[in-house]
file start-v6.cif (mmCIF, C-alpha atoms)
data_structure
#
loop_
_atom_site.label_atom_id
_atom_site.label_comp_id
_atom_site.auth_asym_id
_atom_site.auth_seq_id
_atom_site.Cartn_x
_atom_site.Cartn_y
_atom_site.Cartn_z
CA MET V 1 -51.71 -43.98 -35.83
CA PRO V 2 -52.53 -41.29 -33.20
CA LYS V 3 -50.42 -43.22 -30.64
CA ALA V 4 -47.40 -43.11 -32.95
CA ARG V 5 -47.69 -39.31 -33.23
CA GLU V 6 -47.85 -38.96 -29.45
CA HIS V 7 -44.69 -41.08 -29.14
CA VAL V 8 -42.89 -38.81 -31.67
CA LYS V 9 -43.95 -35.66 -29.72
CA VAL V 10 -42.69 -37.10 -26.44
CA PHE V 11 -39.39 -38.05 -28.07
CA ILE V 12 -38.99 -34.51 -29.55
CA VAL V 13 -39.78 -32.88 -26.19
CA GLU V 14 -37.31 -35.16 -24.38
CA LYS V 15 -34.63 -34.46 -26.98
CA LYS V 16 -35.10 -30.66 -26.59
CA TRP V 17 -34.98 -31.05 -22.80
CA TRP V 18 -31.73 -32.99 -22.96
CA THR V 19 -30.23 -30.52 -25.44
CA GLY V 20 -31.14 -27.63 -23.13
CA LEU V 21 -29.66 -29.43 -20.13
CA VAL V 22 -26.41 -30.16 -22.01
CA CYS V 23 -26.17 -26.50 -23.12
CA LEU V 24 -26.77 -25.32 -19.56
CA CYS V 25 -24.06 -27.66 -18.23
CA LEU V 26 -21.62 -26.48 -20.90
CA ALA V 27 -22.37 -22.83 -20.07
CA ALA V 28 -21.83 -23.50 -16.36
CA PHE V 29 -18.57 -25.31 -17.10
CA MET V 30 -17.32 -22.46 -19.32
CA PHE V 31 -18.24 -19.91 -16.62
CA TYR V 32 -16.30 -21.94 -14.05
CA VAL V 33 -13.23 -22.29 -16.28
CA VAL V 34 -13.16 -18.56 -17.12
CA ASN V 35 -13.75 -17.38 -13.55
CA TYR V 36 -11.77 -20.00 -11.62
CA PRO V 37 -8.50 -18.00 -11.50
CA ALA V 38 -10.35 -14.93 -10.20
CA ALA V 39 -12.14 -17.03 -7.59
CA VAL V 40 -8.85 -18.53 -6.44
CA GLY V 41 -7.26 -15.06 -6.29
CA ALA V 42 -10.18 -13.69 -4.30
CA SER V 43 -10.02 -16.53 -1.83
CA ALA V 44 -6.25 -16.18 -1.43
CA ALA V 45 -4.77 -13.82 1.15
CA THR V 46 -5.79 -10.19 0.73
CA ARG V 47 -3.14 -7.97 -0.84
CA GLN V 48 -1.03 -6.25 1.79
CA LEU V 49 -1.18 -2.46 1.60
CA PRO V 50 0.57 0.35 3.44
CA ILE V 51 -1.40 3.10 5.17
CA TYR V 52 -2.30 5.82 2.67
CA CYS V 53 -4.56 7.91 4.85
CA VAL V 54 -6.43 7.82 8.13
CA GLN V 55 -10.09 8.73 8.35
CA ARG V 56 -10.73 11.29 11.10
CA ASP V 57 -13.78 13.24 12.24
CA GLN V 58 -11.74 16.45 12.42
CA LYS V 59 -10.45 18.25 9.35
CA LEU V 60 -6.75 17.45 9.64
CA ILE V 61 -3.82 16.75 7.38
CA SER V 62 -0.46 15.19 8.08
CA ILE V 63 2.56 16.73 6.41
CA SER V 64 5.57 14.57 5.66
CA PHE V 65 8.90 15.01 3.90
CA ASP V 66 11.38 12.48 2.58
CA ALA V 67 15.05 13.22 3.21
CA ALA V 68 17.42 11.20 1.06
CA TRP V 69 19.83 13.59 -0.67
CA GLY V 70 20.88 17.16 0.20
CA ASN V 71 20.12 19.13 3.37
CA GLU V 72 20.30 22.69 1.98
CA ASP V 73 16.58 23.34 2.61
CA THR V 74 16.38 21.79 6.06
CA GLN V 75 16.75 24.96 8.12
CA GLN V 76 14.33 26.85 5.86
CA LEU V 77 11.74 24.07 6.37
CA ILE V 78 12.27 24.18 10.13
CA ASP V 79 11.77 27.97 10.11
CA ILE V 80 8.62 27.91 7.95
CA LEU V 81 7.00 25.06 9.88
CA GLY V 82 7.94 26.76 13.16
CA GLN V 83 6.48 30.08 12.03
CA TYR V 84 3.08 28.42 11.60
CA ASN V 85 3.50 26.01 14.52
CA VAL V 86 3.10 23.00 12.20
CA PRO V 87 4.66 19.68 13.22
CA ALA V 88 5.68 17.35 10.40
CA THR V 89 7.09 13.88 9.93
CA PHE V 90 10.46 13.57 8.24
CA PHE V 91 11.22 10.18 6.73
CA VAL V 92 15.01 10.01 6.55
CA VAL V 93 17.35 7.58 4.83
CA GLY V 94 20.05 6.08 7.05
CA GLU V 95 22.79 7.31 4.72
CA TRP V 96 21.32 10.84 5.08
CA VAL V 97 21.56 10.48 8.85
CA ASP V 98 25.24 9.53 8.43
CA LYS V 99 25.91 12.66 6.35
CA TYR V 100 23.74 15.15 8.23
CA PRO V 101 23.28 14.10 11.87
CA GLU V 102 23.08 17.79 12.88
CA SER V 103 20.07 18.24 10.54
CA VAL V 104 18.35 15.19 12.04
CA LYS V 105 18.95 16.58 15.52
CA ALA V 106 17.71 20.05 14.49
CA LEU V 107 14.50 18.59 13.05
CA TYR V 108 13.93 16.54 16.18
CA ASN V 109 14.66 19.48 18.49
CA ALA V 110 12.17 21.60 16.53
CA GLY V 111 9.44 19.11 17.49
CA HIS V 112 9.20 17.07 14.30
CA GLU V 113 8.93 13.28 14.06
CA ILE V 114 11.92 11.51 12.56
CA MET V 115 10.94 8.26 10.90
CA ASN V 116 12.52 5.64 8.65
CA HIS V 117 12.91 5.91 4.85
CA SER V 118 15.20 2.85 4.59
CA ASN V 119 18.93 2.70 5.13
CA THR V 120 20.09 2.77 1.50
CA HIS V 121 16.94 3.72 -0.49
CA ALA V 122 16.76 0.27 -2.11
CA HIS V 123 13.76 -1.17 -3.96
CA TYR V 124 12.23 -3.37 -1.24
CA PRO V 125 10.42 -5.77 -3.60
CA GLN V 126 13.86 -6.78 -4.90
CA LEU V 127 15.04 -7.73 -1.40
CA SER V 128 14.29 -10.77 0.74
CA ALA V 129 12.24 -10.30 3.90
CA ASP V 130 15.40 -10.67 6.02
CA GLN V 131 17.18 -8.02 3.94
CA VAL V 132 14.25 -5.62 4.35
CA VAL V 133 14.22 -6.07 8.13
CA ALA V 134 18.01 -5.66 8.32
CA ASP V 135 17.80 -2.46 6.24
CA LEU V 136 15.03 -1.07 8.45
CA ASN V 137 16.91 -1.85 11.64
CA ALA V 138 20.13 -0.28 10.35
CA CYS V 139 18.26 2.98 9.70
CA ASN V 140 16.36 2.76 13.00
CA ASP V 141 19.64 2.34 14.90
CA LYS V 142 21.08 5.48 13.30
CA ILE V 143 17.98 7.57 14.01
CA GLU V 144 17.76 6.31 17.58
CA LYS V 145 21.42 7.13 18.17
CA VAL V 146 20.83 10.78 17.16
CA THR V 147 17.34 11.38 18.60
CA GLY V 148 17.01 8.79 21.36
CA VAL V 149 13.72 7.64 19.81
CA ARG V 150 13.31 4.48 17.72
CA PRO V 151 11.10 4.93 14.64
CA THR V 152 7.84 3.02 14.31
CA LEU V 153 6.92 4.15 10.78
CA VAL V 154 8.62 3.71 7.42
CA ARG V 155 8.12 5.42 4.07
CA LEU V 156 8.98 2.81 1.48
CA PRO V 157 11.65 3.96 -1.01
CA TYR V 158 10.15 5.01 -4.35
CA GLY V 159 6.72 4.11 -2.94
CA ASP V 160 7.61 0.63 -4.18
CA TYR V 161 6.20 -2.39 -2.35
CA ASP V 162 4.75 -5.87 -2.66
CA ASP V 163 3.13 -8.25 -0.17
CA SER V 164 6.49 -9.62 0.95
CA SER V 165 7.98 -6.21 1.73
CA ILE V 166 4.86 -5.02 3.58
CA ASN V 167 4.83 -8.23 5.65
CA ALA V 168 8.55 -7.78 6.39
CA VAL V 169 7.97 -4.20 7.57
CA ARG V 170 5.16 -5.30 9.88
CA SER V 171 7.20 -8.24 11.18
CA ALA V 172 9.74 -5.64 12.36
CA GLY V 173 6.98 -3.97 14.41
CA MET V 174 6.65 -1.01 12.06
CA GLU V 175 3.90 0.39 9.84
CA PRO V 176 4.48 1.38 6.21
CA ILE V 177 3.20 4.85 5.36
CA GLN V 178 2.49 6.07 1.84
CA TRP V 179 1.15 9.47 0.82
CA ASP V 180 -2.34 10.61 -0.03
CA VAL V 181 -1.43 13.75 -1.99
CA ASP V 182 1.99 14.38 -3.49
CA VAL V 183 2.53 18.10 -4.14
CA SER V 184 5.91 17.50 -5.76
CA HIS V 185 4.13 15.71 -8.63
CA THR V 186 0.65 15.87 -10.10
CA PRO V 187 -1.64 16.08 -7.06
CA SER V 188 -4.00 13.17 -6.61
CA SER V 189 -6.08 12.50 -3.56
CA ARG V 190 -7.11 8.99 -2.56
CA TRP V 191 -9.51 10.60 -0.10
CA ASP V 192 -11.32 12.50 -2.85
CA ARG V 193 -11.61 9.29 -4.86
CA GLY V 194 -13.32 7.66 -1.89
CA ASP V 195 -10.84 4.82 -1.34
CA CYS V 196 -9.36 6.01 1.96
CA LYS V 197 -9.85 3.40 4.64
CA ALA V 198 -10.63 4.06 8.26
CA ILE V 199 -7.52 3.05 10.19
CA PRO V 200 -7.76 2.40 13.94
CA GLN V 201 -6.09 5.22 15.85
#
call {"tool": "encode", "arguments": {"input": "start-v6.cif", "output": "structure tokens"}}
result
Amino acid sequence: MPKAREHVKVFIVEKKWWTGLVCLCLAAFMFYVVNYPAAVGASAATRQLPIYCVQRDQKLISISFDAAWGNEDTQQLIDILGQYNVPATFFVVGEWVDKYPESVKALYNAGHEIMNHSNTHAHYPQLSADQVVADLNACNDKIEKVTGVRPTLVRLPYGDYDDSSINAVRSAGMEPIQWDVDVSHTPSSRWDRGDCKAIPQ
């Protein structure tokens, strides 16, 4: 009789052990199924991002303007920036260059950088890579014709981008530049939030 009880105890222990093992396997399987898409996404190519800010040891800011519509404030901006000896970057649309080449030349002659803001202010994620490159080059050609300098930077229209458009910009030998603080809207600083990356200078 004692031997029969021992056999029952061993059987109960083995059954609990198997039940625990099955539960552990099921939990591991469920964890895998739930997290598999995230794991695949993490192992895929890193999302392509434009430059938002550049970490520097000195306390510096870069001022930029987008020029896509009128030019009525251009001379006033040149005068104010000149008064304080502040150089700025003007991202201009190719169609703006067509309408106001004298303003582009005045900005350049005042010591400001003239960079690309697309040729037609299109939403780049809606264009193919070839269309993005063609649009960039059309604007670059116009700026170079007026200033003699070919742009190397682009401000993406509407701040709108995806991996394909960022890759297209970089394939054209240019860098996409976003903004860190936008004073024309509610100010928000990526630097203050701690997500500004150190970019090689």
call {"tool": "resolve_selection", "arguments": {"input": "start-v6.cif", "expression": "the PyMOL selection byres ((chain V and resi 151) around 12)", "output": "number ranges by chain"}}
result
V: 89-94, 113-118, 136-150, 152-155, 169, 172-176
call {"tool": "atom_distance", "arguments": {"input": "start-v6.cif", "atom1": "CA of Lys99 (chain V)", "atom2": "CA of His121 (chain V)"}}
result
14.4 Å
call {"tool": "closest_residue", "arguments": {"input": "start-v6.cif", "among": "V:Val54, V:Val133, V:Asn109, V:Tyr84", "to": "Ser171 (chain V)", "atoms": "only C-alpha atoms"}}
result
V:Val133
call {"tool": "closest_residue", "arguments": {"input": "start-v6.cif", "among": "V:Gln55, V:Thr46, V:Gln178, V:Ser165", "to": "Tyr124 (chain V)", "atoms": "all atoms listed in the file"}}
result
V:Ser165
call {"tool": "closest_residue", "arguments": {"input": "start-v6.cif", "among": "V:Tyr52, V:Tyr100, V:Tyr158, V:Tyr108", "to": "Pro87 (chain V)", "atoms": "only C-alpha atoms"}}
result
V:Tyr108
call {"tool": "closest_residue", "arguments": {"input": "start-v6.cif", "among": "V:Gln48, V:Ser103, V:Ser64, V:Gln75", "to": "Ser164 (chain V)", "atoms": "only C-alpha atoms"}}
result
V:Gln48
call {"tool": "atom_distance", "arguments": {"input": "start-v6.cif", "atom1": "CA of Leu77 (chain V)", "atom2": "CA of Leu107 (chain V)"}}
result
9.1 Å
call {"tool": "axis_aligned_box", "arguments": {"input": "start-v6.cif", "around": "region 85-88 of chain V", "padding_each_side": "5 Å", "output": "JSON"}}
result
{"center_x": 4.4, "center_y": 21.7, "center_z": 12.5, "size_x": 12.6, "size_y": 18.7, "size_z": 14.1}
call {"tool": "atom_distance", "arguments": {"input": "start-v6.cif", "atom1": "CA of Asp162 (chain V)", "atom2": "CA of His112 (chain V)"}}
result
28.9 Å
call {"tool": "closest_residue", "arguments": {"input": "start-v6.cif", "among": "V:Ala110, V:Gln131, V:Asp66, V:Ala122", "to": "Ile80 (chain V)", "atoms": "all atoms listed in the file"}}
result
V:Ala110
call {"tool": "resolve_selection", "arguments": {"input": "start-v6.cif", "expression": "the PyMOL selection byres ((chain V and resi 71) around 10)", "output": "list in words"}}
result
Ala67, Ala68, Trp69, Gly70, Glu72, Asp73, Thr74, Gln75, Gln76, Trp96, Lys99, Tyr100, Ser103 and Val104 of chain V
call {"tool": "closest_residue", "arguments": {"input": "start-v6.cif", "among": "V:Ile78, V:Leu60, V:Ala129, V:Val86", "to": "Arg170 (chain V)", "atoms": "only C-alpha atoms"}}
result
V:Ala129
